[in-house]
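Next comes model-v8.txt, with compact mmCIF, C-alpha atoms.
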# COMPACT_ATOMS: atom_id res chain seq x y z
CA MET A 1 -61.86 -47.12 -104.77
CA GLN A 2 -60.81 -45.78 -108.14
CA GLN A 3 -58.44 -48.05 -109.99
CA GLY A 4 -55.99 -47.76 -112.85
CA LYS A 5 -52.73 -46.06 -113.63
CA LEU A 6 -52.57 -42.27 -113.36
CA ASP A 7 -51.58 -41.36 -116.91
CA LYS A 8 -50.71 -37.87 -118.13
CA ASP A 9 -53.83 -37.56 -120.28
CA LEU A 10 -56.18 -38.04 -117.31
CA ILE A 11 -56.01 -34.29 -116.50
CA PRO A 12 -55.68 -31.84 -119.45
CA GLN A 13 -54.49 -28.86 -117.34
CA PRO A 14 -52.77 -30.19 -114.19
CA GLU A 15 -51.33 -26.74 -113.43
CA LEU A 16 -54.84 -25.77 -112.28
CA TRP A 17 -55.18 -28.74 -109.92
CA ARG A 18 -53.84 -29.39 -106.41
CA MET A 19 -52.33 -32.68 -105.24
CA ALA A 20 -51.90 -34.34 -101.84
CA LEU A 21 -49.72 -37.40 -101.20
CA LEU A 22 -49.93 -39.53 -98.06
CA ILE A 23 -46.83 -41.71 -97.76
CA SER A 24 -46.96 -44.61 -95.33
CA ARG A 25 -44.99 -47.84 -95.00
CA GLN A 26 -47.41 -49.89 -97.11
CA SER A 27 -49.07 -47.44 -99.49
CA LEU A 28 -49.05 -44.16 -101.36
CA ASP A 29 -52.45 -42.46 -101.24
CA VAL A 30 -53.07 -39.74 -103.83
CA ALA A 31 -55.72 -37.01 -103.84
CA LEU A 32 -56.10 -34.69 -106.85
CA TYR A 33 -58.35 -31.64 -106.47
CA PRO A 34 -59.87 -29.82 -109.47
CA PRO A 35 -60.03 -26.03 -109.90
CA VAL A 36 -63.84 -25.87 -109.92
CA GLU A 37 -66.39 -27.40 -107.59
CA SER A 38 -68.47 -28.95 -110.38
CA GLU A 39 -65.67 -31.43 -111.16
CA GLU A 40 -64.93 -34.62 -109.26
CA ALA A 41 -61.75 -35.05 -107.25
CA ILE A 42 -59.56 -38.03 -108.18
CA PHE A 43 -58.28 -40.53 -105.61
CA ARG A 44 -55.92 -43.48 -105.85
CA SER A 45 -54.35 -45.83 -103.33
CA ILE A 46 -51.15 -47.40 -104.63
CA THR A 47 -49.82 -50.39 -102.72
CA LEU A 48 -46.06 -50.16 -102.34
CA ASP A 49 -44.03 -53.14 -103.49
CA PRO A 50 -43.18 -55.18 -100.36
CA GLU A 51 -40.33 -56.84 -102.29
CA ALA A 52 -38.58 -53.54 -103.07
CA PRO A 53 -35.06 -53.35 -101.56
CA THR A 54 -35.95 -50.19 -99.61
CA HIS A 55 -39.02 -48.16 -98.72
CA LEU A 56 -37.61 -45.27 -100.75
CA LYS A 57 -37.29 -47.48 -103.86
CA ALA A 58 -40.89 -48.61 -103.43
CA VAL A 59 -42.09 -44.97 -103.25
CA GLU A 60 -39.98 -44.01 -106.27
CA ASP A 61 -41.39 -46.87 -108.34
CA ALA A 62 -44.97 -46.04 -107.37
CA ILE A 63 -44.54 -42.43 -108.47
CA TYR A 64 -42.68 -43.15 -111.73
CA GLU A 65 -45.24 -45.80 -112.69
CA ASN A 66 -47.99 -43.14 -112.50
CA PRO A 67 -46.77 -40.36 -114.85
CA LEU A 68 -49.56 -37.92 -113.95
CA LEU A 69 -47.98 -37.44 -110.52
CA LEU A 70 -44.96 -35.80 -112.17
CA SER A 71 -47.07 -32.98 -113.66
CA ASP A 72 -46.68 -29.36 -112.57
CA PHE A 73 -49.61 -29.00 -110.18
CA LYS A 74 -50.72 -25.71 -108.68
CA SER A 75 -49.66 -26.92 -105.22
CA ILE A 76 -48.48 -30.18 -103.69
CA GLN A 77 -48.80 -31.33 -100.10
CA GLY A 78 -46.72 -34.29 -98.92
CA PHE A 79 -47.71 -36.06 -95.69
CA ILE A 80 -45.13 -38.47 -94.26
CA ASP A 81 -46.69 -40.90 -91.81
CA SER A 82 -43.73 -41.41 -89.47
CA ASP A 83 -43.69 -42.96 -85.99
CA PHE A 84 -40.69 -40.79 -85.06
CA PHE A 85 -41.96 -37.52 -83.61
CA LEU A 86 -42.31 -35.36 -80.52
CA LEU A 87 -44.90 -32.83 -79.39
CA LEU A 88 -43.16 -29.68 -78.13
CA PRO A 89 -44.25 -26.24 -76.89
CA ASP A 90 -43.92 -23.44 -79.42
CA GLU A 91 -41.30 -21.68 -77.30
CA ILE A 92 -38.73 -24.45 -77.89
CA PRO A 93 -36.30 -22.94 -80.47
CA GLN A 94 -35.71 -24.70 -83.78
CA GLU A 95 -32.03 -25.27 -83.06
CA ARG A 96 -33.00 -27.66 -80.25
CA TYR A 97 -35.28 -29.89 -82.33
CA ASP A 98 -32.58 -32.36 -83.42
CA SER A 99 -31.07 -32.80 -79.96
CA MET A 100 -34.47 -33.33 -78.34
CA LEU A 101 -35.42 -35.94 -80.93
CA LYS A 102 -32.14 -37.77 -80.25
CA ILE A 103 -32.47 -37.59 -76.46
CA SER A 104 -35.99 -39.00 -76.58
CA ALA A 105 -34.92 -41.78 -79.00
CA GLN A 106 -37.46 -40.55 -81.55
CA THR A 107 -35.08 -40.92 -84.49
CA PRO A 108 -34.72 -43.72 -87.05
CA GLN A 109 -31.38 -45.41 -87.69
CA GLU A 110 -30.97 -43.92 -91.17
CA GLN A 111 -30.26 -40.29 -91.99
CA TRP A 112 -33.11 -37.99 -91.05
CA ARG A 113 -34.18 -34.36 -90.91
CA SER A 114 -36.47 -32.61 -88.44
CA ILE A 115 -39.69 -31.15 -89.81
CA ALA A 116 -41.99 -29.04 -87.66
CA THR A 117 -45.76 -28.88 -88.18
CA PRO A 118 -48.13 -26.78 -86.03
CA ALA A 119 -50.34 -29.22 -84.13
CA SER A 120 -52.60 -27.10 -81.90
CA PRO A 121 -52.46 -23.71 -80.15
CA GLY A 122 -49.01 -23.48 -78.53
CA VAL A 123 -47.85 -26.93 -79.70
CA LYS A 124 -45.75 -28.18 -82.62
CA LEU A 125 -45.15 -31.72 -83.79
CA ILE A 126 -41.49 -32.29 -84.64
CA MET A 127 -40.93 -35.25 -86.94
CA ALA A 128 -37.69 -37.09 -87.74
CA ALA A 129 -38.33 -37.75 -91.43
CA ASP A 130 -36.17 -40.00 -93.60
CA GLU A 131 -33.61 -37.70 -95.24
CA GLU A 132 -33.34 -39.64 -98.49
CA LEU A 133 -37.12 -39.72 -98.86
CA CYS A 134 -37.30 -35.96 -98.25
CA ARG A 135 -34.58 -35.32 -100.83
CA PHE A 136 -36.38 -37.43 -103.41
CA LEU A 137 -39.70 -35.67 -102.82
CA THR A 138 -38.27 -32.14 -102.94
CA ARG A 139 -36.21 -33.00 -106.01
CA THR A 140 -39.17 -34.57 -107.82
CA PHE A 141 -41.83 -32.01 -106.83
CA PHE A 142 -40.44 -28.48 -106.95
CA ASN A 143 -43.24 -26.90 -104.88
CA ILE A 144 -43.97 -29.64 -102.34
CA SER A 145 -44.37 -28.94 -98.62
CA LEU A 146 -43.77 -31.79 -96.16
CA ARG A 147 -45.83 -32.30 -93.01
CA HIS A 148 -46.92 -34.96 -90.55
CA PRO A 149 -50.56 -36.09 -90.93
CA LEU A 150 -51.20 -36.35 -87.18
CA ALA A 151 -50.31 -32.68 -86.69
CA ILE A 152 -52.75 -31.60 -89.39
CA LEU A 153 -55.54 -33.62 -87.79
CA THR A 154 -54.88 -32.22 -84.31
CA GLY A 155 -54.86 -28.68 -85.69
CA MET A 156 -58.21 -29.26 -87.37
CA LEU A 157 -59.87 -30.95 -84.37
CA ALA A 158 -58.51 -28.49 -81.79
CA SER A 159 -60.70 -25.80 -83.34
CA ASP A 160 -63.78 -27.63 -82.04
CA ASN A 161 -63.93 -25.81 -78.70
CA SER A 162 -66.25 -28.31 -76.99
CA GLY A 163 -64.80 -29.45 -73.67
CA ILE A 164 -62.95 -32.65 -72.78
CA ARG A 165 -63.09 -35.24 -75.55
CA SER A 166 -61.03 -37.75 -77.53
CA TYR A 167 -60.80 -38.76 -81.18
CA SER A 168 -59.64 -41.75 -83.18
CA ILE A 169 -59.13 -41.72 -86.95
CA MET A 170 -58.59 -45.18 -88.45
CA HIS A 171 -56.92 -45.66 -91.82
CA ARG A 172 -55.35 -48.87 -93.18
CA LYS A 173 -54.62 -50.48 -89.80
CA ARG A 174 -53.25 -47.17 -88.53
CA ILE A 175 -54.97 -45.35 -85.71
CA TYR A 176 -54.50 -41.65 -84.97
CA MET A 177 -55.55 -40.67 -81.47
CA MET A 178 -56.02 -37.21 -79.98
CA SER A 179 -57.56 -35.82 -76.82
CA PHE A 180 -58.42 -32.22 -75.92
CA ASP A 181 -59.73 -29.99 -73.19
CA ASP A 182 -61.45 -27.35 -75.30
CA ARG A 183 -58.60 -26.24 -77.61
CA LYS A 184 -55.82 -27.50 -75.31
CA LEU A 185 -54.12 -30.64 -76.65
CA LEU A 186 -53.87 -33.29 -73.91
CA SER A 187 -52.31 -36.10 -75.97
CA ALA A 188 -51.73 -37.25 -79.53
CA ASN A 189 -50.23 -40.45 -80.88
CA THR A 190 -50.42 -42.96 -83.68
CA PHE A 191 -50.10 -46.75 -83.77
CA THR A 192 -50.26 -49.62 -86.22
CA TYR A 193 -52.52 -52.47 -85.11
CA ASN A 194 -53.35 -55.95 -86.35
CA GLU A 195 -56.47 -56.94 -84.42
CA PRO A 196 -59.48 -54.74 -83.53
CA MET A 197 -58.87 -55.35 -79.82
CA ASP A 198 -55.41 -53.83 -80.17
CA ALA A 199 -56.97 -50.61 -81.48
CA VAL A 200 -59.47 -50.64 -78.60
CA TYR A 201 -56.61 -51.00 -76.11
CA TYR A 202 -54.71 -48.04 -77.61
CA ILE A 203 -57.80 -45.82 -77.49
CA LEU A 204 -58.62 -46.72 -73.89
CA ALA A 205 -55.00 -46.30 -72.77
CA SER A 206 -54.77 -42.91 -74.46
CA ARG A 207 -57.92 -41.72 -72.70
CA SER A 208 -56.69 -43.08 -69.37
CA ILE A 209 -53.37 -41.24 -69.66
CA SER A 210 -55.29 -38.01 -70.23
CA ASP A 211 -57.70 -38.71 -67.32
CA ILE A 212 -60.72 -38.78 -69.60
CA ASP A 213 -63.80 -40.19 -67.89
CA SER A 214 -65.47 -43.12 -69.66
CA VAL A 215 -68.97 -41.86 -68.80
CA LYS A 216 -68.79 -38.06 -68.84
CA HIS A 217 -66.49 -37.43 -71.80
CA PRO A 218 -67.29 -38.46 -75.40
CA HIS A 219 -65.14 -40.22 -77.93
CA PHE A 220 -65.41 -39.25 -81.61
CA TYR A 221 -64.30 -41.43 -84.50
CA ALA A 222 -63.87 -41.47 -88.27
CA GLY A 223 -62.19 -43.65 -90.85
CA GLN A 224 -62.63 -46.43 -93.35
CA PRO A 225 -65.76 -48.56 -92.84
CA GLU A 226 -63.81 -51.82 -92.62
CA SER A 227 -61.85 -50.41 -89.66
CA ILE A 228 -64.74 -48.68 -87.92
CA ASP A 229 -67.07 -51.65 -88.21
CA SER A 230 -64.65 -53.94 -86.39
CA VAL A 231 -63.42 -51.55 -83.67
CA ILE A 232 -66.29 -49.27 -82.67
CA PRO A 233 -68.78 -52.01 -81.56
CA ILE A 234 -66.18 -53.31 -79.09
CA LEU A 235 -65.38 -49.80 -77.88
CA ARG A 236 -69.02 -49.17 -77.01
CA SER A 237 -68.67 -51.65 -74.13
CA TYR A 238 -66.14 -49.33 -72.47
CA ILE A 239 -67.16 -45.76 -73.35
CA ALA A 240 -70.66 -44.38 -72.82
CA GLN A 241 -70.62 -41.70 -75.53
CA ILE A 242 -69.22 -42.74 -78.91
CA ILE A 243 -70.03 -40.37 -81.76
CA PRO A 244 -68.99 -40.23 -85.42
CA THR A 245 -67.13 -37.02 -86.19
CA GLU A 246 -67.54 -35.04 -89.36
CA ILE A 247 -64.37 -34.69 -91.41
CA HIS A 248 -64.25 -31.50 -93.50
CA ILE A 249 -66.65 -31.85 -96.40
CA LEU A 250 -65.08 -31.52 -99.82
CA PRO A 251 -66.58 -28.75 -101.99
CA TYR A 252 -66.28 -30.94 -105.09
CA ARG A 253 -68.74 -33.32 -106.65
CA THR A 254 -68.67 -36.46 -104.51
CA THR A 255 -69.04 -40.16 -105.23
CA ARG A 256 -68.52 -43.34 -103.24
CA HIS A 257 -64.80 -43.04 -104.14
CA THR A 258 -64.59 -39.66 -102.41
CA HIS A 259 -66.03 -40.97 -99.16
CA SER A 260 -63.65 -43.93 -99.08
CA PHE A 261 -60.77 -41.42 -99.00
CA GLU A 262 -62.20 -39.07 -96.36
CA TYR A 263 -58.95 -39.22 -94.32
CA VAL A 264 -56.69 -38.06 -97.15
CA SER A 265 -59.34 -35.55 -98.20
CA SER A 266 -59.44 -33.99 -94.76
CA LEU A 267 -55.67 -33.58 -94.69
CA ASN A 268 -55.63 -31.57 -97.89
CA THR A 269 -58.71 -29.44 -97.30
CA CYS A 270 -57.66 -28.33 -93.83
CA SER A 271 -54.01 -27.67 -94.64
CA ILE A 272 -54.24 -25.41 -97.68

Would you kindly transcribe this structure into structure tokens?
Amino acid sequence: MQQGKLDKDLIPQPELWRMALLISRQSLDVALYPPVESEEAIFRSITLDPEAPTHLKAVEDAIYENPLLLSDFKSIQGFIDSDFFLLLPDEIPQERYDSMLKISAQTPQEQWRSIATPASPGVKLIMAADEELCRFLTRTFFNISLRHPLAILTGMLASDNSGIRSYSIMHRKRIYMMSFDDRKLLSANTFTYNEPMDAVYYILASRSISDIDSVKHPHFYAGQPESIDSVIPILRSYIAQIIPTEIHILPYRTTRHTHSFEYVSSLNTCSI
């Protein structure tokens, strides 16, 4: 993983570059993409201060302490990893989003706003995002668009029109699970886990809810090696076909740093 503060002089012409931010409870992951394929993309993972009075303050500090992030990039994608969301059919009108989030108890206690992200053909993911966080991001980055990372992943994986199957993407003790019947989304969810067996349970439960057969239907996976290496060997005792999935390959010059950030990389390359 690349280390060090992101100073202004790291990129001479940031207006030619694109940036993606993945904001979770514990970290801010940054991906910076150059204008030409011969250059190397830049990645950083910034641990948020657990002693900060609020999550918002921790995010603010992480951004202000890395001045390069405040540059005028060509485009900026912001992915908010929230547990508060619903999957709804496209025909549900926007004016009903807030009421449906409230009815289903998929709203945090603080102020929030609903953000819709296409998830798969005919389905949108509606997120209840922290209002103060959204205000800070849109005030700080004039051209930022806000989305949910799970929706971007489902949209990318739904295009693989290959029968009944499930996926798990593991990133920093977070697991993103999706299942499909060809392009039809059967289920999608995300969980935080502590022990590998917890992740195994979530994957198996998700497949069971979608009536996915443990012998006939494959499970695909991707993620950080430290997560995969502890979860996948256990999972092989329960599912006959377990196959690594290929995240979108970056067109830029790659190094070991690039591969360690394949999750954040996939979000940006498939959403722009």

Excluding Gln109 in chain A and its own-chain neighbours fewer than 3 positions away, which residues fall within 12 Å of it when counting all atoms listed in the file? Please give them as a PDB file with C-alpha atoms, in the frame of the given file.
ATOM      1  CA  PHE A  84     -40.690 -40.790 -85.060  1.00  0.00           C
ATOM      2  CA  LYS A 102     -32.140 -37.770 -80.250  1.00  0.00           C
ATOM      3  CA  ALA A 105     -34.920 -41.780 -79.000  1.00  0.00           C
ATOM      4  CA  GLN A 106     -37.460 -40.550 -81.550  1.00  0.00           C
ATOM      5  CA  TRP A 112     -33.110 -37.990 -91.050  1.00  0.00           C
ATOM      6  CA  ARG A 113     -34.180 -34.360 -90.910  1.00  0.00           C
ATOM      7  CA  ALA A 128     -37.690 -37.090 -87.740  1.00  0.00           C
ATOM      8  CA  ALA A 129     -38.330 -37.750 -91.430  1.00  0.00           C
ATOM      9  CA  ASP A 130     -36.170 -40.000 -93.600  1.00  0.00           C
ATOM     10  CA  GLU A 131     -33.610 -37.700 -95.240  1.00  0.00           C
TER      11      GLU A 131
END

Can you list, as a list of chain:residue names, every protein, DNA or RNA residue that comes within 9 Å of Arg207 in chain A when you count all atoms listed in the file, leaving out same-chain residues fewer than 4 positions away?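 With the cut-off at 9 Å, the set is A:Arg165, A:Ser166, A:Met178, A:Ser179, A:Ser187, A:Tyr202, A:Ile203, A:Asp211, A:Ile212, A:Asp213, A:Ser214.
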
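If you measure from each of A:Glu195, A:Glu60, A:Asp90, A:Asp160 to Arg135 in chain A using all atoms listed in the file, the closest one turns out to be A:Glu60.
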
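Using all atoms listed in the file, the nearest neighbour of Thr117 in chain A within the list A:Arg96, A:His148, A:His55, A:Lys173 is A:His148.
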
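Atom pair CA of Ile80 in chain A / CA of Leu137 in chain A has a distance of 10.5 Å (rounded to one decimal).
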
Find the residues near Ser227 in chain A: any atom within 8 Å, counting only C-alpha atoms, skip ones fewer than 2 places away on the same chain, and give them as JSON, numbers by chain. {"A": [170, 171, 172, 173, 196, 223, 224, 225, 229, 230, 231]}

For Ser45 in chain A: contacts at 8 Å, only C-alpha atoms, fewer than 3 positions along chain excluded, given as a PyMOL selection string: chain A and resi 1+27-30

Between CA of Cys134 in chain A and CA of Ile169 in chain A, what is the distance, to one decimal in Å? 25.2 Å

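If you measure from each of A:Ile239, A:Ile126, A:Leu70, A:Leu56 to Glu110 in chain A using all atoms listed in the file, the closest one turns out to be A:Leu56.
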
May I ask which of the residues A:Ile175, A:Thr47, A:Ser208, A:Gln77 is the closest one to Tyr193 in chain A, counting only C-alpha atoms?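 Once distances to Tyr193 in chain A are computed over only C-alpha atoms, the minimum belongs to A:Ile175.
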
Test item: residues at most 7 Å from Tyr176 in chain A, only C-alpha atoms, excluding those fewer than 4 positions along its chain, as number ranges by chain: A: 150, 168-170, 189-191

Keeping only C-alpha atoms, write those residues as a CSV table (one decimal), in the frame of the given file.
chain,number,residue,atom,x,y,z
A,150,LEU,CA,-51.2,-36.4,-87.2
A,168,SER,CA,-59.6,-41.8,-83.2
A,169,ILE,CA,-59.1,-41.7,-87.0
A,170,MET,CA,-58.6,-45.2,-88.4
A,189,ASN,CA,-50.2,-40.4,-80.9
A,190,THR,CA,-50.4,-43.0,-83.7
A,191,PHE,CA,-50.1,-46.8,-83.8

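Counting only C-alpha atoms, the residue from A:Ala41, A:Ile243, A:Ile92, A:Ile76 that sits nearest to Glu15 in chain A is A:Ile76.
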
Rank A:Leu21, A:Leu185, A:Ile103, A:Val123 by their smallest atom-to-atom distance to Asn161 in chain A, using only C-alpha atoms, and report the top residue only. A:Leu185

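CA of Phe79 in chain A is found 23.8 Å from CA of Val36 in chain A.
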
Listed atoms of range 61-71 of chain A, axis-aligned box, 5 Å per side: centre and edge lengths to one decimal in Å, as JSON?
{"center_x": -45.5, "center_y": -39.9, "center_z": -111.1, "size_x": 18.2, "size_y": 23.9, "size_z": 17.5}

Using only C-alpha atoms and a cutoff of 12 Å, can you tell me which residues are near (-50.9, -31.4, -111.5) in the file's coordinates, and write them out as a PDB file with C-alpha atoms, in the coordinates of the input?
ATOM      1  CA  LEU A   6     -52.570 -42.270-113.360  1.00  0.00           C
ATOM      2  CA  ASP A   7     -51.580 -41.360-116.910  1.00  0.00           C
ATOM      3  CA  LYS A   8     -50.710 -37.870-118.130  1.00  0.00           C
ATOM      4  CA  ASP A   9     -53.830 -37.560-120.280  1.00  0.00           C
ATOM      5  CA  LEU A  10     -56.180 -38.040-117.310  1.00  0.00           C
ATOM      6  CA  ILE A  11     -56.010 -34.290-116.500  1.00  0.00           C
ATOM      7  CA  PRO A  12     -55.680 -31.840-119.450  1.00  0.00           C
ATOM      8  CA  GLN A  13     -54.490 -28.860-117.340  1.00  0.00           C
ATOM      9  CA  PRO A  14     -52.770 -30.190-114.190  1.00  0.00           C
ATOM     10  CA  GLU A  15     -51.330 -26.740-113.430  1.00  0.00           C
ATOM     11  CA  LEU A  16     -54.840 -25.770-112.280  1.00  0.00           C
ATOM     12  CA  TRP A  17     -55.180 -28.740-109.920  1.00  0.00           C
ATOM     13  CA  ARG A  18     -53.840 -29.390-106.410  1.00  0.00           C
ATOM     14  CA  MET A  19     -52.330 -32.680-105.240  1.00  0.00           C
ATOM     15  CA  ALA A  20     -51.900 -34.340-101.840  1.00  0.00           C
ATOM     16  CA  LEU A  21     -49.720 -37.400-101.200  1.00  0.00           C
ATOM     17  CA  VAL A  30     -53.070 -39.740-103.830  1.00  0.00           C
ATOM     18  CA  ALA A  31     -55.720 -37.010-103.840  1.00  0.00           C
ATOM     19  CA  LEU A  32     -56.100 -34.690-106.850  1.00  0.00           C
ATOM     20  CA  TYR A  33     -58.350 -31.640-106.470  1.00  0.00           C
ATOM     21  CA  PRO A  34     -59.870 -29.820-109.470  1.00  0.00           C
ATOM     22  CA  PRO A  35     -60.030 -26.030-109.900  1.00  0.00           C
ATOM     23  CA  ILE A  42     -59.560 -38.030-108.180  1.00  0.00           C
ATOM     24  CA  PRO A  67     -46.770 -40.360-114.850  1.00  0.00           C
ATOM     25  CA  LEU A  68     -49.560 -37.920-113.950  1.00  0.00           C
ATOM     26  CA  LEU A  69     -47.980 -37.440-110.520  1.00  0.00           C
ATOM     27  CA  LEU A  70     -44.960 -35.800-112.170  1.00  0.00           C
ATOM     28  CA  SER A  71     -47.070 -32.980-113.660  1.00  0.00           C
ATOM     29  CA  ASP A  72     -46.680 -29.360-112.570  1.00  0.00           C
ATOM     30  CA  PHE A  73     -49.610 -29.000-110.180  1.00  0.00           C
ATOM     31  CA  LYS A  74     -50.720 -25.710-108.680  1.00  0.00           C
ATOM     32  CA  SER A  75     -49.660 -26.920-105.220  1.00  0.00           C
ATOM     33  CA  ILE A  76     -48.480 -30.180-103.690  1.00  0.00           C
ATOM     34  CA  GLN A  77     -48.800 -31.330-100.100  1.00  0.00           C
ATOM     35  CA  PHE A 141     -41.830 -32.010-106.830  1.00  0.00           C
ATOM     36  CA  PHE A 142     -40.440 -28.480-106.950  1.00  0.00           C
ATOM     37  CA  ASN A 143     -43.240 -26.900-104.880  1.00  0.00           C
ATOM     38  CA  ILE A 144     -43.970 -29.640-102.340  1.00  0.00           C
TER      39      ILE A 144
END
